[in-house]
>>> print(open('work.txt').read())   # compact mmCIF, C-alpha atoms
# COMPACT_ATOMS: atom_id res chain seq x y z
CA MET A 14 14.93 28.37 -11.62
CA LYS A 15 18.33 28.16 -9.98
CA PRO A 16 19.50 24.81 -8.59
CA LEU A 17 19.08 24.23 -4.87
CA SER A 18 22.10 24.15 -2.60
CA GLU A 19 22.62 21.00 -0.53
CA ALA A 20 21.38 22.75 2.62
CA GLU A 21 18.27 24.08 0.85
CA ALA A 22 17.53 20.66 -0.63
CA LEU A 23 17.99 19.02 2.79
CA ASN A 24 15.62 21.50 4.46
CA LYS A 25 13.06 21.14 1.69
CA ALA A 26 13.27 17.32 1.81
CA ALA A 27 12.95 17.33 5.61
CA ALA A 28 9.83 19.49 5.35
CA TYR A 29 8.47 17.11 2.70
CA CYS A 30 9.03 14.17 5.05
CA THR A 31 7.30 15.84 7.99
CA SER A 32 3.98 16.27 6.16
CA CYS A 33 3.44 12.48 6.13
CA GLU A 34 5.38 9.22 6.05
CA ARG A 35 7.71 8.97 3.05
CA CYS A 36 9.92 6.22 1.67
CA ILE A 37 13.34 6.61 0.07
CA SER A 38 12.02 6.26 -3.49
CA GLU A 39 9.45 9.04 -2.98
CA VAL A 40 12.01 11.45 -1.51
CA SER A 41 14.56 10.52 -4.17
CA ALA A 42 12.01 11.23 -6.92
CA LYS A 43 11.26 14.63 -5.35
CA LEU A 44 14.95 15.47 -5.12
CA THR A 45 15.37 14.56 -8.79
CA VAL A 46 12.48 16.87 -9.73
CA TRP A 47 14.17 19.64 -7.73
CA GLY A 48 17.33 19.13 -9.80
CA VAL A 49 19.56 17.64 -7.08
CA ASP A 50 22.44 15.52 -8.42
CA CYS A 51 22.85 11.83 -7.47
CA ALA A 52 25.79 12.24 -5.08
CA THR A 53 24.02 14.99 -3.15
CA GLN A 54 20.82 12.93 -3.13
CA ARG A 55 22.64 10.03 -1.46
CA GLN A 56 24.05 12.33 1.24
CA ILE A 57 20.65 13.93 1.88
CA LEU A 58 18.88 10.56 2.02
CA GLU A 59 21.47 9.17 4.45
CA ARG A 60 21.08 12.20 6.69
CA LEU A 61 17.28 12.00 6.60
CA GLN A 62 17.46 8.32 7.53
CA SER A 63 19.94 8.87 10.36
CA GLU A 64 17.71 11.63 11.77
CA LYS A 65 14.62 9.36 11.40
CA PHE A 66 12.80 11.60 8.92
CA ILE A 67 12.73 8.49 6.72
CA ASP A 68 12.19 5.05 8.23
CA GLU A 69 11.17 2.39 5.73
CA SER A 70 9.91 -0.02 8.39
CA ARG A 71 7.67 2.70 9.87
CA TYR A 72 6.57 3.67 6.35
CA CYS A 73 5.58 0.08 5.50
CA ARG A 74 3.54 -0.30 8.69
CA ALA A 75 1.73 3.00 8.12
CA PHE A 76 1.09 2.22 4.44
CA VAL A 77 -0.33 -1.23 5.21
CA ASN A 78 -2.51 0.11 8.03
CA ASP A 79 -3.89 2.96 5.89
CA LYS A 80 -4.59 0.79 2.85
CA VAL A 81 -6.48 -1.85 4.86
CA ARG A 82 -8.47 0.62 6.97
CA PHE A 83 -9.24 3.39 4.50
CA ASN A 84 -8.81 2.02 0.98
CA HIS A 85 -10.05 -1.51 1.75
CA TRP A 86 -7.16 -3.18 -0.05
CA GLY A 87 -6.13 -6.79 0.33
CA ARG A 88 -2.67 -8.18 1.01
CA ILE A 89 -1.90 -8.89 -2.66
CA LYS A 90 -2.52 -5.30 -3.80
CA ILE A 91 -0.69 -3.84 -0.81
CA HIS A 92 2.31 -6.08 -1.44
CA ALA A 93 2.42 -5.05 -5.12
CA ALA A 94 2.19 -1.34 -4.25
CA LEU A 95 5.04 -1.60 -1.74
CA ARG A 96 7.21 -3.55 -4.21
CA GLU A 97 6.58 -0.79 -6.74
CA LYS A 98 8.08 1.67 -4.26
CA ARG A 99 11.23 -0.49 -4.18
CA LEU A 100 11.00 -1.28 -0.48
CA PRO A 101 12.92 -4.24 0.99
CA GLN A 102 11.01 -7.53 0.88
CA ASN A 103 11.64 -8.27 4.57
CA GLU A 104 10.10 -4.91 5.59
CA ILE A 105 7.07 -5.57 3.38
CA SER A 106 6.59 -9.07 4.79
CA GLU A 107 6.85 -7.88 8.39
CA ALA A 108 4.33 -5.07 7.85
CA ILE A 109 1.84 -7.35 6.07
CA ALA A 110 2.21 -9.99 8.80
CA GLN A 111 1.09 -7.40 11.36
CA ILE A 112 -2.34 -6.94 9.75
CA ASP A 113 -5.05 -7.66 12.31
CA GLU A 114 -6.75 -10.76 10.89
CA GLU A 115 -10.16 -9.87 12.34
CA LEU A 116 -10.03 -6.37 10.82
CA TYR A 117 -8.88 -7.87 7.51
CA ILE A 118 -11.82 -10.31 7.36
CA GLN A 119 -14.24 -7.51 8.34
CA THR A 120 -12.80 -5.34 5.56
CA LEU A 121 -13.27 -8.14 3.02
CA ALA A 122 -16.86 -8.65 4.25
CA ALA A 123 -17.55 -4.92 3.84
CA VAL A 124 -16.14 -4.94 0.28
CA ILE A 125 -18.32 -7.96 -0.59
CA ALA A 126 -21.44 -6.47 1.04
CA ALA A 127 -20.99 -3.18 -0.84
CA LYS A 128 -20.65 -5.00 -4.16
CA ARG A 129 -23.72 -7.17 -3.39
CA ARG A 130 -25.79 -4.05 -2.72
CA GLU A 131 -24.53 -2.52 -5.96
CA LEU A 132 -25.52 -5.58 -8.02
CA LYS A 133 -29.05 -5.87 -6.51
CA GLY A 134 -29.65 -9.20 -8.21
CA ALA A 135 -30.24 -12.78 -7.28
CA ASP A 136 -27.32 -14.42 -5.53
CA ASP A 137 -26.62 -16.68 -8.49
CA TYR A 138 -23.40 -17.93 -10.02
CA ALA A 139 -22.90 -14.86 -12.26
CA THR A 140 -23.38 -12.48 -9.32
CA LYS A 141 -20.88 -14.43 -7.23
CA GLN A 142 -18.40 -14.30 -10.13
CA LYS A 143 -18.73 -10.50 -10.27
CA ILE A 144 -18.21 -10.24 -6.52
CA LEU A 145 -15.21 -12.58 -6.72
CA ARG A 146 -13.60 -10.51 -9.50
CA HIS A 147 -14.27 -7.26 -7.64
CA ALA A 148 -12.75 -8.48 -4.36
CA ALA A 149 -9.79 -9.98 -6.24
CA SER A 150 -9.20 -6.64 -7.96
CA ARG A 151 -8.98 -5.10 -4.48
CA GLY A 152 -6.15 -7.51 -3.69
CA PHE A 153 -7.85 -10.09 -1.51
CA GLU A 154 -6.82 -13.73 -1.69
CA PRO A 155 -9.15 -15.91 -3.83
CA GLN A 156 -9.67 -18.60 -1.17
CA LEU A 157 -10.63 -16.01 1.46
CA ILE A 158 -13.08 -14.44 -0.99
CA MET A 159 -14.67 -17.79 -1.82
CA ASP A 160 -15.01 -18.63 1.87
CA ALA A 161 -16.56 -15.23 2.56
CA ILE A 162 -19.18 -15.44 -0.22
CA LYS A 163 -19.96 -19.09 0.48
CA PHE A 164 -18.63 -20.07 -2.92
CA PRO A 165 -17.76 -23.77 -3.01
CA ALA A 166 -14.34 -24.36 -4.57
CA ASP A 167 -15.73 -27.08 -6.86
CA GLU A 168 -18.00 -24.50 -8.55
CA MET A 169 -14.87 -22.71 -9.74
CA ASP A 170 -13.74 -25.63 -11.95
>>> encode(input="work.txt", output="structure tokens")
Amino acid sequence: MKPLSEAEALNKAAAYCTSCERCISEVSAKLTVWGVDCATQRQILERLQSEKFIDESRYCRAFVNDKVRFNHWGRIKIHAALREKRLPQNEISEAIAQIDEELYIQTLAAVIAAKRRELKGADDYATKQKILRHAASRGFEPQLIMDAIKFPADEMD
């Protein structure tokens, strides 16, 4: 396969960005796979940003919204996923701060209710522990989980 010219790489990257929101690290990884050198990558990424094909603030907001609504993730897991994509901390913090608190609590309640139905047992200490671990693995904050499953904090000691 012959290497792409800068114009071809730019067009291909622009098309890649129009299919859904992308961040710089995702587009950079794609350009690397396509065999584009580092200097050309920088030029292409700058152009895509100036033409608003890539907007990391918009990407963070969309990512947070999608993960809460569709994947039922908590703030901790969302934050870790965005850090993994090498996004600026201030953009991550702003996007997470915009989470609708009522929707977030409803999402946590739905995660807990689904796990309760799955366990089909008495609502004893062991069952609550399993629910707590499951919700924590989804990225929800431990204190919110304990409040939601009526788990007194002194039982945790």
>>> residues_around(input="work.txt", residues="stretch 56-62 of chain A", least_positions_apart="6", cutoff="9 Å", atoms="all atoms listed in the file", output="ChimeraX atom specification")
/A:19-20,22-23,26-27,30,37,40-41,68-69
>>> residues_around(input="work.txt", residues="A:Leu145", least_positions_apart="4", cutoff="8 Å", atoms="only C-alpha atoms", output="number ranges by chain")
A: 141, 149, 155, 158-159
>>> axis_aligned_box(input="work.txt", around="stretch 54-62 of chain A", padding_each_side="3 Å", output="AutoDock Vina command-line options")
--center_x 20.7 --center_y 11.1 --center_z 2.2 --size_x 12.8 --size_y 11.6 --size_z 16.7
>>> residues_around(input="work.txt", residues="A:Cys73", least_positions_apart="5", cutoff="10 Å", atoms="only C-alpha atoms", output="PyMOL selection string")
chain A and resi 34-36+68+78-79+91-92+95+100-101+104-109
>>> closest_residue(input="work.txt", among="A:Lys143, A:Lys15, A:Lys65, A:Arg82", to="A:Val49", atoms="only C-alpha atoms")
A:Lys15
>>> residues_near_point(input="work.txt", point="(20.8, 22.3, -7.1)", cutoff="12 Å", atoms="only C-alpha atoms", output="MDAnalysis selection string")
chainID A and resid 14:23 25 44:54
>>> closest_residue(input="work.txt", among="A:Ile112, A:Leu157, A:Ala42, A:Ile144", to="A:Ile125", atoms="all atoms listed in the file")
A:Ile144
>>> atom_distance(input="work.txt", atom1="atom CA of A:Leu121", atom2="atom CA of A:Asn84")
11.3 Å
>>> closest_residue(input="work.txt", among="A:Ala126, A:Cys33, A:Val77, A:Ala28", to="A:Ile89", atoms="only C-alpha atoms")
A:Val77
>>> closest_residue(input="work.txt", among="A:Lys43, A:Arg99, A:Arg129, A:Arg55", to="A:Tyr29", atoms="all atoms listed in the file")
A:Lys43
>>> atom_distance(input="work.txt", atom1="atom CA of A:Ile67", atom2="atom CA of A:Thr31")
9.2 Å
>>> closest_residue(input="work.txt", among="A:Ser70, A:Asp160, A:Glu64, A:Lys80", to="A:Ala122", atoms="all atoms listed in the file")
A:Asp160
>>> residues_around(input="work.txt", residues="A:Arg151", least_positions_apart="4", cutoff="7 Å", atoms="only C-alpha atoms", output="list in words")
Trp86, Gly87, Lys90 and His147 of chain A
>>> write_last_selection(input="work.txt", atoms="C-alpha atoms", output="short mmCIF file (atom, residue, chain, number, x, y, z; two decimals), in the frame of the given file")
data_model
loop_
_atom_site.label_atom_id
_atom_site.label_comp_id
_atom_site.auth_asym_id
_atom_site.auth_seq_id
_atom_site.Cartn_x
_atom_site.Cartn_y
_atom_site.Cartn_z
CA TRP A 86 -7.16 -3.18 -0.05
CA GLY A 87 -6.13 -6.79 0.33
CA LYS A 90 -2.52 -5.30 -3.80
CA HIS A 147 -14.27 -7.26 -7.64
#
>>> atom_distance(input="work.txt", atom1="atom CA of A:Ala161", atom2="atom CA of A:Gln119")
9.9 Å
>>> closest_residue(input="work.txt", among="A:Leu132, A:Asn103, A:Ser63, A:Gly152", to="A:His85", atoms="only C-alpha atoms")
A:Gly152
